[in-house]
$ cat work30.txt   # compact mmCIF, C-alpha atoms
# COMPACT_ATOMS: atom_id res chain seq x y z
CA MET A 1 -81.38 -81.03 -21.00
CA ASN A 2 -80.07 -77.51 -21.49
CA ASN A 3 -80.55 -77.88 -25.24
CA VAL A 4 -84.17 -78.89 -24.70
CA ASP A 5 -84.74 -75.93 -22.38
CA ASN A 6 -83.07 -73.57 -24.85
CA ASN A 7 -85.15 -74.90 -27.74
CA LEU A 8 -88.34 -74.54 -25.72
CA LEU A 9 -87.42 -71.03 -24.61
CA SER A 10 -86.53 -70.07 -28.19
CA ALA A 11 -89.81 -71.46 -29.49
CA ILE A 12 -91.78 -69.48 -26.92
CA GLU A 13 -89.86 -66.27 -27.60
CA THR A 14 -90.23 -66.44 -31.38
CA ASN A 15 -93.74 -67.90 -31.65
CA TRP A 16 -95.72 -66.61 -28.69
CA TYR A 17 -97.59 -64.06 -30.83
CA SER A 18 -98.71 -66.59 -33.42
CA PHE A 19 -99.65 -68.95 -30.59
CA VAL A 20 -101.73 -66.23 -28.91
CA VAL A 21 -103.39 -65.35 -32.22
CA SER A 22 -104.24 -69.03 -32.78
CA ILE A 23 -105.75 -69.44 -29.31
CA PHE A 24 -107.79 -66.27 -29.74
CA VAL A 25 -109.18 -67.40 -33.10
CA PHE A 26 -109.82 -70.91 -31.78
CA PHE A 27 -111.85 -69.36 -28.96
CA ILE A 28 -113.93 -67.41 -31.48
CA LEU A 29 -114.59 -70.53 -33.57
CA TYR A 30 -115.42 -72.54 -30.45
CA PHE A 31 -117.82 -69.82 -29.31
CA LEU A 32 -119.57 -69.92 -32.71
CA ALA A 33 -119.87 -73.70 -32.44
CA LYS A 34 -121.43 -73.43 -28.96
CA LYS A 35 -123.90 -70.92 -30.38
CA ARG A 36 -124.78 -73.56 -33.01
CA ILE A 37 -123.66 -71.41 -35.92
CA GLY A 38 -123.69 -73.49 -39.14
CA PHE A 39 -120.64 -75.58 -39.96
CA GLY A 40 -120.20 -73.96 -43.37
CA VAL A 41 -120.32 -70.49 -41.81
CA ARG A 42 -117.66 -71.50 -39.28
CA VAL A 43 -115.40 -72.88 -42.02
CA ILE A 44 -115.68 -69.66 -44.00
CA THR A 45 -115.10 -67.70 -40.79
CA GLY A 46 -111.94 -69.73 -40.22
CA LEU A 47 -110.87 -68.91 -43.77
CA VAL A 48 -111.44 -65.17 -43.33
CA LEU A 49 -109.70 -65.07 -39.95
CA GLY A 50 -106.84 -67.07 -41.41
CA LEU A 51 -106.47 -64.54 -44.21
CA LEU A 52 -106.46 -61.64 -41.75
CA ALA A 53 -104.04 -63.34 -39.35
CA GLY A 54 -101.72 -64.33 -42.19
CA ILE A 55 -101.66 -60.82 -43.65
CA LEU A 56 -101.02 -59.34 -40.18
CA LEU A 57 -98.17 -61.73 -39.41
CA GLN A 58 -96.67 -61.21 -42.86
CA ASN A 59 -96.75 -57.42 -42.59
CA LEU A 60 -95.17 -57.57 -39.14
CA ASP A 61 -92.64 -60.13 -40.36
CA LEU A 62 -93.47 -62.49 -37.49
CA ASP A 63 -92.86 -66.24 -37.25
CA THR A 64 -95.85 -68.49 -37.99
CA LYS A 65 -94.52 -71.89 -36.90
CA ALA A 66 -97.10 -72.23 -34.13
CA ILE A 67 -100.00 -71.72 -36.56
CA VAL A 68 -98.44 -73.98 -39.19
CA THR A 69 -98.06 -76.70 -36.53
CA PHE A 70 -101.79 -76.61 -35.81
CA GLY A 71 -102.49 -77.02 -39.53
CA SER A 72 -100.07 -79.94 -39.77
CA ILE A 73 -101.82 -81.67 -36.87
CA TYR A 74 -105.15 -81.39 -38.70
CA VAL A 75 -103.67 -82.90 -41.89
CA SER A 76 -102.08 -85.74 -39.89
CA LEU A 77 -105.41 -86.59 -38.28
CA ILE A 78 -106.99 -86.88 -41.72
CA LYS A 79 -104.16 -89.16 -42.87
CA MET A 80 -104.70 -91.33 -39.81
CA LEU A 81 -108.21 -92.27 -40.94
CA VAL A 82 -107.65 -93.15 -44.59
CA ILE A 83 -106.93 -96.89 -44.50
CA PRO A 84 -109.26 -98.06 -41.69
CA LEU A 85 -112.11 -95.86 -42.85
CA VAL A 86 -112.26 -96.87 -46.50
CA PHE A 87 -111.76 -100.55 -45.64
CA VAL A 88 -114.65 -100.71 -43.15
CA LEU A 89 -117.03 -98.51 -45.15
CA VAL A 90 -116.60 -100.46 -48.39
CA LEU A 91 -117.29 -103.64 -46.44
CA ASN A 92 -120.36 -102.13 -44.80
CA SER A 93 -121.88 -100.80 -48.03
CA ILE A 94 -121.53 -103.95 -50.13
CA ALA A 95 -122.01 -106.57 -47.43
CA SER A 96 -125.34 -104.95 -46.49
CA LEU A 97 -126.91 -106.56 -49.57
CA THR A 98 -128.75 -109.69 -48.48
CA SER A 99 -128.15 -112.09 -51.38
CA LEU A 100 -126.13 -112.47 -54.54
CA GLU A 101 -129.33 -113.02 -56.53
CA TYR A 102 -130.65 -109.66 -55.43
CA LEU A 103 -127.26 -108.14 -56.09
CA ARG A 104 -127.27 -109.57 -59.62
CA LYS A 105 -130.78 -108.49 -60.47
CA ILE A 106 -131.06 -104.97 -59.10
CA GLY A 107 -127.82 -104.32 -57.28
CA PHE A 108 -125.60 -104.84 -60.30
CA LYS A 109 -127.55 -102.36 -62.41
CA THR A 110 -127.66 -99.86 -59.56
CA PHE A 111 -123.94 -100.07 -58.85
CA ALA A 112 -123.14 -99.97 -62.56
CA TRP A 113 -124.97 -96.66 -62.95
CA PHE A 114 -123.60 -95.26 -59.70
CA LEU A 115 -120.01 -96.10 -60.47
CA GLY A 116 -120.30 -95.45 -64.21
CA THR A 117 -121.62 -91.93 -63.72
CA THR A 118 -119.01 -91.30 -61.03
CA GLY A 119 -116.31 -92.32 -63.51
CA VAL A 120 -117.74 -89.96 -66.13
CA ALA A 121 -117.95 -87.22 -63.48
CA SER A 122 -114.29 -87.76 -62.65
CA ILE A 123 -113.34 -87.48 -66.32
CA ILE A 124 -115.37 -84.27 -66.66
CA GLY A 125 -113.79 -82.82 -63.51
CA LEU A 126 -110.33 -83.76 -64.78
CA ALA A 127 -110.94 -82.26 -68.24
CA ILE A 128 -112.39 -78.99 -66.91
CA ALA A 129 -109.59 -78.66 -64.35
CA LEU A 130 -106.95 -79.15 -67.03
CA LEU A 131 -108.75 -76.58 -69.18
CA PHE A 132 -109.16 -73.94 -66.46
CA ASN A 133 -105.87 -74.58 -64.60
CA PRO A 134 -107.25 -73.50 -61.18
CA GLY A 135 -103.91 -73.89 -59.38
CA LYS A 136 -101.62 -72.05 -61.77
CA GLY A 137 -101.73 -68.80 -59.81
CA ILE A 138 -100.67 -70.37 -56.51
CA GLN A 139 -97.14 -71.73 -56.40
CA GLN A 140 -95.88 -73.30 -53.20
CA ALA A 141 -92.86 -75.28 -52.11
CA LEU A 142 -93.42 -78.96 -51.46
CA PRO A 143 -94.10 -79.87 -47.80
CA GLU A 144 -91.03 -80.84 -45.81
CA GLY A 145 -90.24 -84.53 -46.19
CA PHE A 146 -92.32 -84.95 -49.35
CA GLU A 147 -90.80 -87.35 -51.86
CA ALA A 148 -91.93 -87.49 -55.47
CA ARG A 149 -93.02 -90.90 -56.68
CA GLU A 150 -91.17 -92.75 -59.36
CA ILE A 151 -93.34 -93.06 -62.45
CA PRO A 152 -94.19 -96.79 -62.77
CA THR A 153 -94.82 -98.68 -65.97
CA PHE A 154 -98.42 -99.50 -66.90
CA SER A 155 -97.93 -103.19 -66.06
CA GLN A 156 -96.56 -102.21 -62.65
CA VAL A 157 -99.63 -100.05 -62.06
CA ILE A 158 -101.87 -103.06 -62.71
CA LEU A 159 -99.77 -105.25 -60.42
CA ASP A 160 -99.87 -102.63 -57.68
CA LEU A 161 -103.66 -102.71 -57.73
CA VAL A 162 -103.67 -106.39 -56.72
CA PRO A 163 -103.17 -106.89 -52.96
CA SER A 164 -100.46 -109.47 -52.24
CA ASN A 165 -100.25 -108.74 -48.52
CA PRO A 166 -103.20 -106.62 -47.36
CA VAL A 167 -101.68 -105.92 -43.94
CA LEU A 168 -98.41 -104.73 -45.47
CA GLU A 169 -100.28 -102.71 -48.12
CA ALA A 170 -102.29 -101.01 -45.36
CA ALA A 171 -99.15 -100.32 -43.32
CA ASN A 172 -97.56 -98.71 -46.38
CA GLY A 173 -100.64 -96.54 -46.98
CA LYS A 174 -101.55 -98.16 -50.33
CA VAL A 175 -105.23 -97.42 -50.67
CA VAL A 176 -106.31 -99.24 -53.85
CA PRO A 177 -105.15 -102.75 -52.86
CA VAL A 178 -106.93 -102.34 -49.53
CA LEU A 179 -110.13 -101.33 -51.32
CA ILE A 180 -109.95 -104.34 -53.64
CA PHE A 181 -109.32 -106.64 -50.68
CA ALA A 182 -112.41 -105.19 -48.99
CA LEU A 183 -114.47 -105.82 -52.15
CA PHE A 184 -113.48 -109.51 -52.15
CA ILE A 185 -114.40 -109.91 -48.49
CA ALA A 186 -117.75 -108.14 -48.95
CA VAL A 187 -118.76 -110.40 -51.85
CA ALA A 188 -117.67 -113.44 -49.82
CA ILE A 189 -119.85 -112.33 -46.91
CA ILE A 190 -122.85 -112.08 -49.25
CA LYS A 191 -122.10 -115.51 -50.73
CA VAL A 192 -121.71 -117.25 -47.38
CA GLY A 193 -124.66 -115.37 -45.91
CA SER A 194 -126.93 -116.55 -48.71
CA ARG A 195 -126.29 -120.15 -47.58
CA ASN A 196 -126.05 -119.62 -43.83
CA ALA A 197 -127.10 -116.24 -42.52
CA GLU A 198 -126.08 -117.11 -38.96
CA ALA A 199 -122.51 -117.85 -40.02
CA VAL A 200 -121.91 -114.26 -41.11
CA ARG A 201 -124.19 -112.53 -38.61
CA PRO A 202 -121.34 -111.81 -36.14
CA VAL A 203 -119.21 -110.45 -39.00
CA ARG A 204 -122.01 -108.17 -40.22
CA GLU A 205 -122.60 -106.94 -36.67
CA LEU A 206 -118.89 -106.30 -36.19
CA ILE A 207 -118.70 -104.34 -39.45
CA ALA A 208 -121.81 -102.34 -38.51
CA SER A 209 -120.36 -101.61 -35.07
CA LEU A 210 -116.96 -100.59 -36.48
CA THR A 211 -118.74 -98.34 -38.98
CA GLN A 212 -120.56 -96.50 -36.20
CA VAL A 213 -117.35 -96.11 -34.22
CA LEU A 214 -115.47 -94.76 -37.24
CA HIS A 215 -118.37 -92.41 -37.98
CA GLN A 216 -117.85 -90.93 -34.54
CA VAL A 217 -114.09 -90.63 -35.03
CA VAL A 218 -114.68 -88.83 -38.34
CA LYS A 219 -117.13 -86.47 -36.65
CA PHE A 220 -114.44 -85.59 -34.11
CA ILE A 221 -111.95 -84.75 -36.86
CA ILE A 222 -114.41 -82.99 -39.17
CA ARG A 223 -115.35 -80.71 -36.28
CA LEU A 224 -111.76 -79.51 -36.31
CA THR A 225 -112.05 -78.35 -39.94
CA PRO A 226 -112.71 -74.65 -39.17
CA TYR A 227 -109.60 -74.62 -36.94
CA GLY A 228 -107.54 -76.52 -39.50
CA VAL A 229 -108.65 -74.19 -42.29
CA PHE A 230 -107.67 -71.16 -40.22
CA ALA A 231 -104.22 -72.58 -39.45
CA LEU A 232 -103.47 -73.71 -43.01
CA ILE A 233 -104.72 -70.54 -44.68
CA ALA A 234 -102.99 -68.28 -42.13
CA GLY A 235 -99.69 -70.05 -42.69
CA ILE A 236 -100.02 -69.85 -46.48
CA THR A 237 -101.09 -66.20 -46.45
CA ALA A 238 -98.26 -65.21 -44.12
CA LYS A 239 -95.76 -66.92 -46.40
CA TYR A 240 -97.10 -66.02 -49.83
CA GLY A 241 -99.44 -63.06 -49.31
CA TRP A 242 -103.05 -62.30 -50.15
CA GLU A 243 -102.43 -62.32 -53.88
CA THR A 244 -101.70 -66.03 -53.93
CA LEU A 245 -105.15 -66.82 -52.51
CA GLN A 246 -107.17 -64.77 -54.98
CA GLU A 247 -106.89 -67.66 -57.43
CA LEU A 248 -109.13 -69.78 -55.18
CA GLY A 249 -112.02 -68.10 -56.99
CA SER A 250 -111.03 -70.14 -60.03
CA VAL A 251 -111.57 -73.32 -58.00
CA ILE A 252 -115.22 -72.33 -57.45
CA VAL A 253 -115.73 -71.47 -61.13
CA THR A 254 -114.01 -74.66 -62.29
CA SER A 255 -116.12 -76.79 -59.94
CA TYR A 256 -119.46 -75.32 -60.92
CA VAL A 257 -118.71 -75.48 -64.64
CA ALA A 258 -117.93 -79.19 -64.25
CA LEU A 259 -121.01 -79.77 -62.05
CA ILE A 260 -123.34 -78.02 -64.51
CA ILE A 261 -121.92 -79.93 -67.49
CA HIS A 262 -122.40 -83.22 -65.67
CA PHE A 263 -125.90 -82.25 -64.53
CA VAL A 264 -127.15 -81.16 -67.95
CA LEU A 265 -125.28 -83.38 -70.41
CA VAL A 266 -124.81 -86.63 -68.47
CA PHE A 267 -128.00 -86.73 -66.41
CA GLY A 268 -130.12 -85.10 -69.09
CA GLY A 269 -128.63 -87.39 -71.74
CA LEU A 270 -129.30 -90.55 -69.73
CA VAL A 271 -132.88 -89.53 -69.01
CA LEU A 272 -133.51 -88.74 -72.68
CA LEU A 273 -131.61 -91.55 -74.41
CA VAL A 274 -131.88 -94.45 -71.93
CA ALA A 275 -135.14 -93.85 -70.05
CA ARG A 276 -136.65 -92.10 -73.09
CA VAL A 277 -138.43 -89.37 -71.14
CA ASN A 278 -138.39 -85.60 -71.52
CA PRO A 279 -135.43 -84.32 -69.45
CA ILE A 280 -137.07 -80.93 -68.91
CA ARG A 281 -140.12 -82.63 -67.46
CA PHE A 282 -137.85 -84.86 -65.38
CA PHE A 283 -135.87 -81.96 -63.87
CA LYS A 284 -139.10 -80.08 -63.21
CA LYS A 285 -140.49 -83.04 -61.28
CA ILE A 286 -137.39 -83.55 -59.15
CA TYR A 287 -136.88 -79.90 -58.20
CA PRO A 288 -137.77 -80.62 -54.51
CA THR A 289 -134.82 -83.02 -54.31
CA ILE A 290 -132.47 -80.49 -55.93
CA THR A 291 -133.65 -77.67 -53.65
CA VAL A 292 -133.35 -79.60 -50.39
CA ALA A 293 -129.98 -81.08 -51.38
CA PHE A 294 -128.61 -77.66 -52.31
CA THR A 295 -129.71 -76.01 -49.07
CA THR A 296 -129.01 -78.80 -46.57
CA ARG A 297 -125.76 -80.05 -48.17
CA SER A 298 -126.63 -83.51 -46.83
CA SER A 299 -127.51 -86.60 -48.84
CA PHE A 300 -129.08 -88.18 -45.78
CA ALA A 301 -131.16 -85.08 -45.02
CA VAL A 302 -132.57 -85.16 -48.55
CA LEU A 303 -133.29 -88.91 -48.48
CA PRO A 304 -136.91 -88.71 -47.19
CA VAL A 305 -137.76 -86.09 -49.80
CA ASN A 306 -135.99 -88.05 -52.52
CA LEU A 307 -138.02 -91.16 -51.73
CA GLU A 308 -141.20 -89.12 -52.05
CA VAL A 309 -140.04 -87.58 -55.32
CA ILE A 310 -139.03 -90.92 -56.81
CA THR A 311 -142.27 -92.69 -55.94
CA LYS A 312 -144.89 -89.92 -56.19
CA ARG A 313 -143.51 -87.60 -58.84
CA LEU A 314 -141.46 -89.94 -61.02
CA HIS A 315 -143.83 -92.86 -60.36
CA VAL A 316 -141.08 -95.42 -59.79
CA SER A 317 -142.16 -98.43 -57.72
CA GLU A 318 -141.48 -98.37 -53.97
CA LYS A 319 -139.55 -101.63 -54.39
CA ILE A 320 -136.92 -99.94 -56.56
CA ALA A 321 -137.00 -96.63 -54.70
CA SER A 322 -136.49 -98.21 -51.27
CA PHE A 323 -133.38 -100.02 -52.55
CA VAL A 324 -131.75 -97.40 -54.78
CA ALA A 325 -132.36 -94.22 -52.77
CA PRO A 326 -130.87 -95.36 -49.42
CA LEU A 327 -127.98 -97.06 -51.21
CA GLY A 328 -127.38 -93.89 -53.20
CA ALA A 329 -127.09 -91.91 -49.97
CA SER A 330 -124.04 -94.04 -49.13
CA VAL A 331 -122.51 -94.86 -52.50
CA ASN A 332 -123.60 -92.51 -55.29
CA PHE A 333 -121.47 -89.39 -55.15
CA ASN A 334 -120.77 -88.00 -58.58
CA GLY A 335 -119.98 -84.59 -57.14
CA CYS A 336 -118.07 -85.51 -53.97
CA GLY A 337 -116.40 -88.68 -55.25
CA GLY A 338 -115.98 -87.89 -58.94
CA ILE A 339 -115.74 -84.22 -59.89
CA TRP A 340 -114.29 -82.73 -56.71
CA PRO A 341 -111.34 -85.14 -56.12
CA ALA A 342 -110.30 -84.76 -59.77
CA ILE A 343 -110.32 -80.96 -59.56
CA VAL A 344 -108.47 -80.93 -56.22
CA ALA A 345 -105.88 -83.41 -57.54
CA VAL A 346 -105.11 -81.23 -60.59
CA PHE A 347 -105.18 -78.10 -58.41
CA THR A 348 -102.76 -79.63 -55.87
CA ALA A 349 -100.39 -80.86 -58.58
CA GLN A 350 -100.32 -77.40 -60.16
CA VAL A 351 -99.86 -75.61 -56.83
CA TYR A 352 -96.88 -77.75 -55.86
CA GLY A 353 -95.44 -78.00 -59.36
CA ILE A 354 -95.92 -81.77 -59.68
CA ASP A 355 -96.38 -83.14 -63.20
CA LEU A 356 -99.14 -85.72 -63.61
CA THR A 357 -98.83 -88.29 -66.39
CA GLY A 358 -101.40 -90.10 -68.48
CA THR A 359 -101.07 -93.08 -66.16
CA ASP A 360 -101.81 -90.81 -63.19
CA TYR A 361 -105.00 -89.64 -64.89
CA ILE A 362 -106.13 -93.25 -65.39
CA VAL A 363 -105.36 -94.07 -61.77
CA LEU A 364 -107.22 -90.92 -60.68
CA VAL A 365 -110.42 -91.98 -62.44
CA LEU A 366 -110.20 -95.61 -61.24
CA VAL A 367 -109.50 -94.62 -57.64
CA SER A 368 -112.32 -92.05 -57.72
CA VAL A 369 -114.76 -94.75 -58.79
CA ILE A 370 -113.59 -97.33 -56.25
CA SER A 371 -113.21 -94.94 -53.32
CA SER A 372 -116.69 -93.49 -53.84
CA ILE A 373 -118.16 -96.75 -52.53
CA GLY A 374 -119.25 -96.22 -48.97
CA VAL A 375 -117.24 -93.12 -48.05
CA ALA A 376 -120.31 -90.92 -48.09
CA GLY A 377 -121.80 -92.67 -45.07
CA VAL A 378 -119.73 -90.29 -42.96
CA PRO A 379 -119.65 -86.54 -42.46
CA GLY A 380 -117.36 -84.81 -44.90
CA PRO A 381 -117.39 -87.48 -47.65
CA ALA A 382 -115.63 -85.22 -50.15
CA VAL A 383 -112.70 -84.84 -47.76
CA ILE A 384 -112.34 -88.61 -47.45
CA SER A 385 -112.69 -89.26 -51.19
CA THR A 386 -110.22 -86.52 -52.01
CA THR A 387 -107.78 -87.80 -49.39
CA VAL A 388 -107.90 -91.28 -50.93
CA VAL A 389 -107.29 -89.90 -54.44
CA LEU A 390 -104.43 -87.62 -53.39
CA THR A 391 -102.85 -90.45 -51.39
CA ALA A 392 -103.09 -92.84 -54.35
CA LEU A 393 -101.46 -90.25 -56.63
CA GLY A 394 -98.77 -89.41 -54.11
CA LEU A 395 -99.83 -85.75 -53.88
CA PRO A 396 -99.52 -83.60 -50.72
CA LEU A 397 -102.66 -83.69 -48.60
CA GLU A 398 -102.08 -80.02 -47.76
CA GLY A 399 -103.96 -79.29 -50.99
CA ILE A 400 -107.19 -80.22 -49.19
CA GLY A 401 -106.58 -77.56 -46.58
CA ILE A 402 -105.94 -74.87 -49.20
CA VAL A 403 -109.34 -75.38 -50.86
CA ALA A 404 -111.28 -76.17 -47.66
CA GLY A 405 -112.24 -72.53 -47.15
CA VAL A 406 -114.30 -72.43 -50.36
CA GLU A 407 -115.54 -76.00 -50.11
CA ALA A 408 -118.76 -75.04 -48.33
CA LEU A 409 -119.80 -72.94 -51.33
CA ILE A 410 -119.00 -75.77 -53.72
CA ASP A 411 -120.58 -78.44 -51.51
CA MET A 412 -124.07 -77.08 -52.20
CA GLY A 413 -123.71 -77.82 -55.91
CA ARG A 414 -121.96 -81.14 -55.25
CA THR A 415 -124.77 -82.39 -53.02
CA ALA A 416 -127.42 -81.35 -55.55
CA VAL A 417 -125.58 -83.36 -58.21
CA ASN A 418 -125.22 -86.34 -55.86
CA ALA A 419 -128.92 -86.45 -55.03
CA THR A 420 -129.93 -85.95 -58.67
CA GLY A 421 -127.69 -88.85 -59.66
CA THR A 422 -129.52 -91.15 -57.26
CA THR A 423 -132.86 -90.02 -58.68
CA VAL A 424 -131.66 -90.63 -62.24
CA THR A 425 -130.42 -94.11 -61.34
CA SER A 426 -133.76 -94.97 -59.73
CA LEU A 427 -135.50 -94.08 -62.99
CA LEU A 428 -133.04 -96.03 -65.14
CA VAL A 429 -133.20 -99.19 -63.00
CA ALA A 430 -136.99 -99.01 -62.73
CA ASN A 431 -137.31 -98.55 -66.48
CA ALA A 432 -135.13 -101.64 -67.10
CA GLU A 433 -137.09 -103.71 -64.59
CA GLY A 434 -140.56 -102.64 -65.77
CA GLU A 435 -141.16 -100.81 -62.48
CA PHE A 436 -141.67 -97.35 -64.01
CA ASP A 437 -145.19 -96.02 -64.69
CA ARG A 438 -144.48 -93.99 -67.81
CA GLU A 439 -148.09 -92.97 -68.33
CA ALA A 440 -148.37 -91.54 -64.81
CA PHE A 441 -145.03 -89.78 -65.25
CA ASN A 442 -146.25 -88.01 -68.37
CA ARG A 443 -149.28 -86.63 -66.55
CA ASP A 444 -148.83 -83.12 -65.16
CA GLU A 445 -150.63 -83.83 -61.90
CA ASP A 446 -148.25 -84.73 -59.08
CA GLU A 447 -148.99 -85.42 -55.47
CA ASP A 448 -148.05 -82.59 -53.17
CA LEU A 449 -144.85 -82.95 -51.21
CA VAL A 450 -144.17 -81.46 -47.87
CA LEU A 451 -140.50 -80.48 -47.88
CA ASN A 452 -139.63 -81.11 -44.29
CA PRO A 453 -136.17 -82.71 -44.30
CA VAL A 454 -134.79 -84.22 -41.14

$ encode --input "work30.txt" --output "structure tokens"
Amino acid sequence: MNNVDNNLLSAIETNWYSFVVSIFVFFILYFLAKKRIGFGVRVITGLVLGLLAGILLQNLDLDTKAIVTFGSIYVSLIKMLVIPLVFVLVLNSIASLTSLEYLRKIGFKTFAWFLGTTGVASIIGLAIALLFNPGKGIQQALPEGFEAREIPTFSQVILDLVPSNPVLEAANGKVVPVLIFALFIAVAIIKVGSRNAEAVRPVRELIASLTQVLHQVVKFIIRLTPYGVFALIAGITAKYGWETLQELGSVIVTSYVALIIHFVLVFGGLVLLVARVNPIRFFKKIYPTITVAFTTRSSFAVLPVNLEVITKRLHVSEKIASFVAPLGASVNFNGCGGIWPAIVAVFTAQVYGIDLTGTDYIVLVLVSVISSIGVAGVPGPAVISTTVVLTALGLPLEGIGIVAGVEALIDMGRTAVNATGTTVTSLLVANAEGEFDREAFNRDEDEDLVLNPV
């Protein structure tokens, strides 16, 4: 008992200042939240206060264990959600389709474009990150208890993707087998439901209910992001100094270069070569979607405007628009699920001095594509997607906290790319199904849109 008392007394004596600083900053961030200051502003505020607190503690040569503990708690809460969240959300997204016939006719094409462009986005993000090396200027020691993975053979990688015991795989934190298991169950629900809707009705209701509950849990944790960012950045700054954080500017540059390349070359190329329409005219017509997505940073907020743009400015049938646009708000995330996780994975590996192999790059792209299904139905989809990718690659999740302070700036571009991708897919599917009025599209007159996102 004396040892416990001595340890507690020692902790208080050596960490009371960092604890007081943390409480003071937490109060400021809480006050901003009560005043309904924007989430992005609060995250950046947490970043700035973390920088100042870290520099102060470093200059005074004070212990930062209390602050680092708060950051570790935030990372642990994110880890807690990975397996249950991706399992339920993949089920909810795919099982929401009403029949396999509908899935084959429109759903297959829609998912193919969604996932295909996400895969390309991941490759672009990976290539640009390897070219720009955004994490080279920040070198950190591996987190305590971190163990490097053994590099498996290619055949072992394939075998590891197949779930042999889903419960055991989930307990061991293996994300990909759990995702594949969820895909099998979702398709089975659609198949059984096409024959007997009542038989799967309780399952669908349970999945929908679990999804809502998990949404709320995620909201709880995402609300802690400003506090987590402060704690993680303060701890890093106190240990490594301001100079180590200046390189975060390269993360912003790397991200926007990748986003612009994907926007212009991939989306513009698909519109020109597949839909055979003028990409300049296309981008001009969808500017309301891009503007609202960029400013609101929410795929669901932009959904009403996107439906108007798709039907009234692109002249795609309501039948296609009403299927693709809402589905895209939950599945199609080229920016959040493709480009961003790839950049953060390379950044994290470089920061912690972990070498990624060619097999890791393949796994990164595959996991980015699979994990993008459904994760965007929750707040902070990029955090969840990135967590899944880092977990699958065996990289420290602390990398998410390091880049979280600049994520709000990058999220504007990511959301614009996400929403544009949904609009492009609507055009491609409609063109293939004969549901695109090309003659009306080529006319300059468009119906007015009232940009009043919810």

$ atom_distance --input "work30.txt" --atom1 "CA of Thr422 in chain A" --atom2 "CA of Lys319 in chain A"
14.8 Å

$ closest_residue --input "work30.txt" --among "A:Pro341, A:Pro163, A:Gly353, A:Gly116" --to "Phe181 in chain A" --atoms "only C-alpha atoms"
A:Pro163

$ closest_residue --input "work30.txt" --among "A:Leu51, A:Val429, A:Phe323, A:Leu91" --to "Val271 in chain A" --atoms "only C-alpha atoms"
A:Val429

$ residues_around --input "work30.txt" --residues "Ser122 in chain A" --least-positions-apart "3" --cutoff "9 Å" --atoms "all atoms listed in the file" --output "VMD selection string"
chain A and resid 117 to 119 125 to 127 334 to 335 337 to 343 364 to 366 368 to 369

$ closest_atom_pairs --input "work30.txt" --of "range 317-381 of chain A" --to "range 300-310 of chain A" --cutoff "7 Å" --atoms "all atoms listed in the file" --output "JSON lines"
{"residue": "A:Ala321", "atom": "CA", "partner": "A:Leu307", "partner_atom": "CA", "distance": 6.3}
{"residue": "A:Ala325", "atom": "CA", "partner": "A:Leu307", "partner_atom": "CA", "distance": 6.5}
{"residue": "A:Pro326", "atom": "CA", "partner": "A:Leu303", "partner_atom": "CA", "distance": 7.0}
{"residue": "A:Ala329", "atom": "CA", "partner": "A:Phe300", "partner_atom": "CA", "distance": 6.0}

$ write_last_selection --input "work30.txt" --atoms "C-alpha atoms" --output "mmCIF file, in the coordinates of the input"
data_model
loop_
_atom_site.group_PDB
_atom_site.id
_atom_site.type_symbol
_atom_site.label_atom_id
_atom_site.label_comp_id
_atom_site.auth_asym_id
_atom_site.auth_seq_id
_atom_site.Cartn_x
_atom_site.Cartn_y
_atom_site.Cartn_z
ATOM 1 C CA ALA A 321 -137.000 -96.630 -54.700
ATOM 2 C CA ALA A 325 -132.360 -94.220 -52.770
ATOM 3 C CA PRO A 326 -130.870 -95.360 -49.420
ATOM 4 C CA ALA A 329 -127.090 -91.910 -49.970
#

$ residues_around --input "work30.txt" --residues "Ala404 in chain A" --least-positions-apart "4" --cutoff "10 Å" --atoms "all atoms listed in the file" --output "list in words"
Val43, Ile44, Gly46, Leu47, Thr225, Pro226, Gly228, Val229, Phe230, Leu232, Ile233, Val383, Glu398, Gly399, Ile400, Ala408, Leu409 and Ile410 of chain A

$ write_last_selection --input "work30.txt" --atoms "C-alpha atoms" --output "PDB file, in the coordinates of the input"
ATOM      1  CA  VAL A  43    -115.400 -72.880 -42.020  1.00  0.00           C
ATOM      2  CA  ILE A  44    -115.680 -69.660 -44.000  1.00  0.00           C
ATOM      3  CA  GLY A  46    -111.940 -69.730 -40.220  1.00  0.00           C
ATOM      4  CA  LEU A  47    -110.870 -68.910 -43.770  1.00  0.00           C
ATOM      5  CA  THR A 225    -112.050 -78.350 -39.940  1.00  0.00           C
ATOM      6  CA  PRO A 226    -112.710 -74.650 -39.170  1.00  0.00           C
ATOM      7  CA  GLY A 228    -107.540 -76.520 -39.500  1.00  0.00           C
ATOM      8  CA  VAL A 229    -108.650 -74.190 -42.290  1.00  0.00           C
ATOM      9  CA  PHE A 230    -107.670 -71.160 -40.220  1.00  0.00           C
ATOM     10  CA  LEU A 232    -103.470 -73.710 -43.010  1.00  0.00           C
ATOM     11  CA  ILE A 233    -104.720 -70.540 -44.680  1.00  0.00           C
ATOM     12  CA  VAL A 383    -112.700 -84.840 -47.760  1.00  0.00           C
ATOM     13  CA  GLU A 398    -102.080 -80.020 -47.760  1.00  0.00           C
ATOM     14  CA  GLY A 399    -103.960 -79.290 -50.990  1.00  0.00           C
ATOM     15  CA  ILE A 400    -107.190 -80.220 -49.190  1.00  0.00           C
ATOM     16  CA  ALA A 408    -118.760 -75.040 -48.330  1.00  0.00           C
ATOM     17  CA  LEU A 409    -119.800 -72.940 -51.330  1.00  0.00           C
ATOM     18  CA  ILE A 410    -119.000 -75.770 -53.720  1.00  0.00           C
TER      19      ILE A 410
END
